[in-house]
Amino acid sequence: MRVSVTVNGENFVRDVEPRLLLVHFLRDELRLTGTHWGCDTSNCGVCVVQLDGVPVKSCTVLTVMADGHEVTTVEGLEKDGELDPVQEGFVQCHGLQCGFCTPGMLMTARWLLDRNPDPDEGEIREAISGQLCRCTGYENIVRSVRWAAEKEASV
């Protein structure tokens, strides 16, 4: 089946199997390996990308469902050589350890700040509640998102 998907601002036209998951399309067809593949059951959230600006778990989305839509992956956060403030926050506040959950956390955090530029701790925790981190205990992740919110507010 032929699909046309815009990924990180670039249009891709490919013939794909109707059952191909979006996570595999991104990783295997487009070689965008920042999106991780974890549990394959939608429990862990490491595969989160944005589909038309909304976070989705790409292990539960068929590529054909993204036909005609825009997908943003973690690779699409950086603009013109500059890290997104959310990425900077994760660096500044040690929001990652092993890094496996980081791409999904970053994509969800970016979505949250786009809709709520000043989230409190509870709102941040609720936003990332669909994602698992086995390393940090979430404290540094929450601090990282707050850092990004404060940075964006100061610009």
# chains A, B, ... in the order shown; residues from 1 in each chain; ligands from 1
>>> closest_atom_pairs(of="range 18-130 of chain A", to="range 138-141 of chain A", cutoff="8 Å", atoms="only C-alpha atoms", output="Markdown table")
| residue | atom | partner | partner_atom | distance |
| --- | --- | --- | --- | --- |
| A:Phe90 | CA | A:Ile141 | CA | 6.9 |
| A:Cys93 | CA | A:Asn140 | CA | 6.0 |
| A:His94 | CA | A:Asn140 | CA | 6.0 |
| A:Gly95 | CA | A:Ile141 | CA | 4.4 |
| A:Leu96 | CA | A:Ile141 | CA | 7.2 |
>>> select_by_dssp(residues="chain A", states="helix (DSSP H, G or I)", output="ChimeraX atom specification")
/A:22-29,63-66,74-76,85-92,102-115,121-127,139-153
>>> write_last_selection(atoms="C-alpha atoms", output="PDB file, in the first residue's frame")
ATOM      1  CA  LEU A  22       4.678   3.211  12.575  1.00  0.00           C
ATOM      2  CA  VAL A  23       7.589   2.514  14.952  1.00  0.00           C
ATOM      3  CA  HIS A  24       9.040   0.049  12.429  1.00  0.00           C
ATOM      4  CA  PHE A  25       8.440   2.406   9.500  1.00  0.00           C
ATOM      5  CA  LEU A  26      10.347   5.150  11.293  1.00  0.00           C
ATOM      6  CA  ARG A  27      13.193   2.943  12.474  1.00  0.00           C
ATOM      7  CA  ASP A  28      13.569   0.464   9.606  1.00  0.00           C
ATOM      8  CA  GLU A  29      12.355   2.339   6.525  1.00  0.00           C
ATOM      9  CA  THR A  63       1.830   3.308   9.118  1.00  0.00           C
ATOM     10  CA  VAL A  64      -1.183   3.437   6.798  1.00  0.00           C
ATOM     11  CA  MET A  65      -3.021   5.353   9.531  1.00  0.00           C
ATOM     12  CA  ALA A  66      -0.347   8.070   9.262  1.00  0.00           C
ATOM     13  CA  VAL A  74      12.685  13.155  18.667  1.00  0.00           C
ATOM     14  CA  GLU A  75      15.023  13.925  15.767  1.00  0.00           C
ATOM     15  CA  GLY A  76      12.633  16.699  14.770  1.00  0.00           C
ATOM     16  CA  PRO A  85      14.444  23.675  25.519  1.00  0.00           C
ATOM     17  CA  VAL A  86      13.020  20.322  26.638  1.00  0.00           C
ATOM     18  CA  GLN A  87      16.185  18.598  25.401  1.00  0.00           C
ATOM     19  CA  GLU A  88      18.294  21.237  27.149  1.00  0.00           C
ATOM     20  CA  GLY A  89      16.324  20.713  30.345  1.00  0.00           C
ATOM     21  CA  PHE A  90      17.040  17.000  30.315  1.00  0.00           C
ATOM     22  CA  VAL A  91      20.750  17.784  29.975  1.00  0.00           C
ATOM     23  CA  GLN A  92      20.786  20.528  32.604  1.00  0.00           C
ATOM     24  CA  THR A 102      14.075   9.690  26.955  1.00  0.00           C
ATOM     25  CA  PRO A 103      12.759  10.111  23.384  1.00  0.00           C
ATOM     26  CA  GLY A 104       9.186   9.361  24.434  1.00  0.00           C
ATOM     27  CA  MET A 105       9.494  11.576  27.514  1.00  0.00           C
ATOM     28  CA  LEU A 106      10.851  14.434  25.385  1.00  0.00           C
ATOM     29  CA  MET A 107       8.008  14.175  22.873  1.00  0.00           C
ATOM     30  CA  THR A 108       5.371  14.141  25.594  1.00  0.00           C
ATOM     31  CA  ALA A 109       7.028  17.010  27.469  1.00  0.00           C
ATOM     32  CA  ARG A 110       7.152  19.098  24.270  1.00  0.00           C
ATOM     33  CA  TRP A 111       3.438  18.445  23.693  1.00  0.00           C
ATOM     34  CA  LEU A 112       2.648  19.440  27.289  1.00  0.00           C
ATOM     35  CA  LEU A 113       4.581  22.717  27.107  1.00  0.00           C
ATOM     36  CA  ASP A 114       2.978  23.565  23.762  1.00  0.00           C
ATOM     37  CA  ARG A 115      -0.419  23.367  25.460  1.00  0.00           C
ATOM     38  CA  GLU A 121       4.542  19.144  39.134  1.00  0.00           C
ATOM     39  CA  GLY A 122       1.216  17.310  39.182  1.00  0.00           C
ATOM     40  CA  GLU A 123       0.409  18.275  35.602  1.00  0.00           C
ATOM     41  CA  ILE A 124       3.844  17.132  34.448  1.00  0.00           C
ATOM     42  CA  ARG A 125       3.495  13.828  36.265  1.00  0.00           C
ATOM     43  CA  GLU A 126       0.042  13.293  34.764  1.00  0.00           C
ATOM     44  CA  ALA A 127       1.325  14.044  31.246  1.00  0.00           C
ATOM     45  CA  GLU A 139      12.158  13.536  39.996  1.00  0.00           C
ATOM     46  CA  ASN A 140      14.790  14.716  37.529  1.00  0.00           C
ATOM     47  CA  ILE A 141      12.398  14.323  34.603  1.00  0.00           C
ATOM     48  CA  VAL A 142       9.873  16.595  36.303  1.00  0.00           C
ATOM     49  CA  ARG A 143      12.665  19.086  37.131  1.00  0.00           C
ATOM     50  CA  SER A 144      13.795  18.966  33.491  1.00  0.00           C
ATOM     51  CA  VAL A 145      10.338  19.857  32.190  1.00  0.00           C
ATOM     52  CA  ARG A 146      10.016  22.694  34.736  1.00  0.00           C
ATOM     53  CA  TRP A 147      13.468  23.969  33.652  1.00  0.00           C
ATOM     54  CA  ALA A 148      12.307  24.019  30.025  1.00  0.00           C
ATOM     55  CA  ALA A 149       9.081  25.830  30.971  1.00  0.00           C
ATOM     56  CA  GLU A 150      11.044  28.462  32.881  1.00  0.00           C
ATOM     57  CA  LYS A 151      13.518  28.891  30.035  1.00  0.00           C
ATOM     58  CA  GLU A 152      10.741  29.345  27.476  1.00  0.00           C
ATOM     59  CA  ALA A 153       9.000  31.862  29.764  1.00  0.00           C
TER      60      ALA A 153
END
>>> select_by_dssp(residues="range 22-149 of chain A", states="strand (DSSP E)", output="PyMOL selection string")
chain A and resi 48-51+54-57+70-72
>>> residues_around(residues="range 37-52 of chain A", least_positions_apart="2", cutoff="7 Å", atoms="only C-alpha atoms", output="PyMOL selection string")
chain A and resi 23+35+54-60+69-73+100-101+103-104+107+130-132
>>> write_last_selection(atoms="N, CA and C atoms", output="PDB file, in the first residue's frame")
ATOM      1  N   VAL A  23       6.260   2.580  14.336  1.00  0.00           N
ATOM      2  CA  VAL A  23       7.589   2.514  14.952  1.00  0.00           C
ATOM      3  C   VAL A  23       8.582   1.818  14.019  1.00  0.00           C
ATOM      4  N   THR A  35      13.393   7.063  17.894  1.00  0.00           N
ATOM      5  CA  THR A  35      12.172   6.477  18.447  1.00  0.00           C
ATOM      6  C   THR A  35      12.504   5.047  18.844  1.00  0.00           C
ATOM      7  N   VAL A  54      -0.065  15.447  18.306  1.00  0.00           N
ATOM      8  CA  VAL A  54      -0.599  14.737  19.469  1.00  0.00           C
ATOM      9  C   VAL A  54       0.301  13.531  19.756  1.00  0.00           C
ATOM     10  N   PRO A  55       0.714  13.348  21.016  1.00  0.00           N
ATOM     11  CA  PRO A  55       1.545  12.180  21.319  1.00  0.00           C
ATOM     12  C   PRO A  55       0.783  10.876  21.104  1.00  0.00           C
ATOM     13  N   VAL A  56       1.426   9.953  20.399  1.00  0.00           N
ATOM     14  CA  VAL A  56       0.864   8.616  20.198  1.00  0.00           C
ATOM     15  C   VAL A  56       1.970   7.589  20.419  1.00  0.00           C
ATOM     16  N   LYS A  57       1.572   6.425  20.827  1.00  0.00           N
ATOM     17  CA  LYS A  57       2.531   5.326  20.969  1.00  0.00           C
ATOM     18  C   LYS A  57       2.628   4.653  19.603  1.00  0.00           C
ATOM     19  N   SER A  58       3.759   4.836  18.958  1.00  0.00           N
ATOM     20  CA  SER A  58       3.906   4.392  17.571  1.00  0.00           C
ATOM     21  C   SER A  58       3.906   2.878  17.415  1.00  0.00           C
ATOM     22  N   CYS A  59       3.944   2.137  18.519  1.00  0.00           N
ATOM     23  CA  CYS A  59       3.823   0.681  18.428  1.00  0.00           C
ATOM     24  C   CYS A  59       2.368   0.251  18.299  1.00  0.00           C
ATOM     25  N   THR A  60       1.438   1.218  18.388  1.00  0.00           N
ATOM     26  CA  THR A  60       0.024   0.884  18.253  1.00  0.00           C
ATOM     27  C   THR A  60      -0.617   1.579  17.052  1.00  0.00           C
ATOM     28  N   HIS A  69      -0.599  12.444   6.980  1.00  0.00           N
ATOM     29  CA  HIS A  69      -0.452  13.156   8.249  1.00  0.00           C
ATOM     30  C   HIS A  69       1.008  13.548   8.490  1.00  0.00           C
ATOM     31  N   GLU A  70       1.207  14.309   9.559  1.00  0.00           N
ATOM     32  CA  GLU A  70       2.543  14.760   9.940  1.00  0.00           C
ATOM     33  C   GLU A  70       2.983  14.058  11.209  1.00  0.00           C
ATOM     34  N   VAL A  71       4.182  13.500  11.153  1.00  0.00           N
ATOM     35  CA  VAL A  71       4.777  12.827  12.301  1.00  0.00           C
ATOM     36  C   VAL A  71       6.015  13.609  12.723  1.00  0.00           C
ATOM     37  N   THR A  72       6.141  13.815  14.012  1.00  0.00           N
ATOM     38  CA  THR A  72       7.356  14.425  14.545  1.00  0.00           C
ATOM     39  C   THR A  72       7.992  13.428  15.488  1.00  0.00           C
ATOM     40  N   THR A  73       9.273  13.168  15.256  1.00  0.00           N
ATOM     41  CA  THR A  73      10.041  12.273  16.114  1.00  0.00           C
ATOM     42  C   THR A  73      11.013  13.106  16.936  1.00  0.00           C
ATOM     43  N   PHE A 100      16.805   5.201  27.613  1.00  0.00           N
ATOM     44  CA  PHE A 100      15.864   4.416  26.828  1.00  0.00           C
ATOM     45  C   PHE A 100      14.485   5.070  26.761  1.00  0.00           C
ATOM     46  N   CYS A 101      14.008   5.629  27.853  1.00  0.00           N
ATOM     47  CA  CYS A 101      12.690   6.259  27.853  1.00  0.00           C
ATOM     48  C   CYS A 101      12.733   7.692  27.346  1.00  0.00           C
ATOM     49  N   PRO A 103      13.454   9.558  24.550  1.00  0.00           N
ATOM     50  CA  PRO A 103      12.759  10.111  23.384  1.00  0.00           C
ATOM     51  C   PRO A 103      11.253  10.274  23.603  1.00  0.00           C
ATOM     52  N   GLY A 104      10.618   9.273  24.171  1.00  0.00           N
ATOM     53  CA  GLY A 104       9.186   9.361  24.434  1.00  0.00           C
ATOM     54  C   GLY A 104       8.863  10.428  25.467  1.00  0.00           C
ATOM     55  N   MET A 107       9.130  13.874  23.766  1.00  0.00           N
ATOM     56  CA  MET A 107       8.008  14.175  22.873  1.00  0.00           C
ATOM     57  C   MET A 107       6.742  14.531  23.669  1.00  0.00           C
ATOM     58  N   GLY A 130       1.902   7.871  31.196  1.00  0.00           N
ATOM     59  CA  GLY A 130       1.814   6.728  30.284  1.00  0.00           C
ATOM     60  C   GLY A 130       3.166   6.200  29.861  1.00  0.00           C
ATOM     61  N   GLN A 131       4.211   6.673  30.520  1.00  0.00           N
ATOM     62  CA  GLN A 131       5.561   6.254  30.157  1.00  0.00           C
ATOM     63  C   GLN A 131       6.317   5.761  31.389  1.00  0.00           C
ATOM     64  N   LEU A 132       7.125   4.759  31.157  1.00  0.00           N
ATOM     65  CA  LEU A 132       7.888   4.173  32.256  1.00  0.00           C
ATOM     66  C   LEU A 132       9.351   4.575  32.182  1.00  0.00           C
TER      67      LEU A 132
END
>>> closest_residue(among="A:Thr33, A:Asn11, A:Gln97, A:Thr6", to="Cys135 in chain A", atoms="only C-alpha atoms")
A:Gln97
>>> atom_distance(atom1="CA of Ile128 in chain A", atom2="CA of Ser4 in chain A")
29.7 Å
>>> residues_around(residues="Leu20 in chain A", least_positions_apart="2", cutoff="6 Å", atoms="only C-alpha atoms", output="MDAnalysis selection string")
chainID A and resid 17:18 62:63
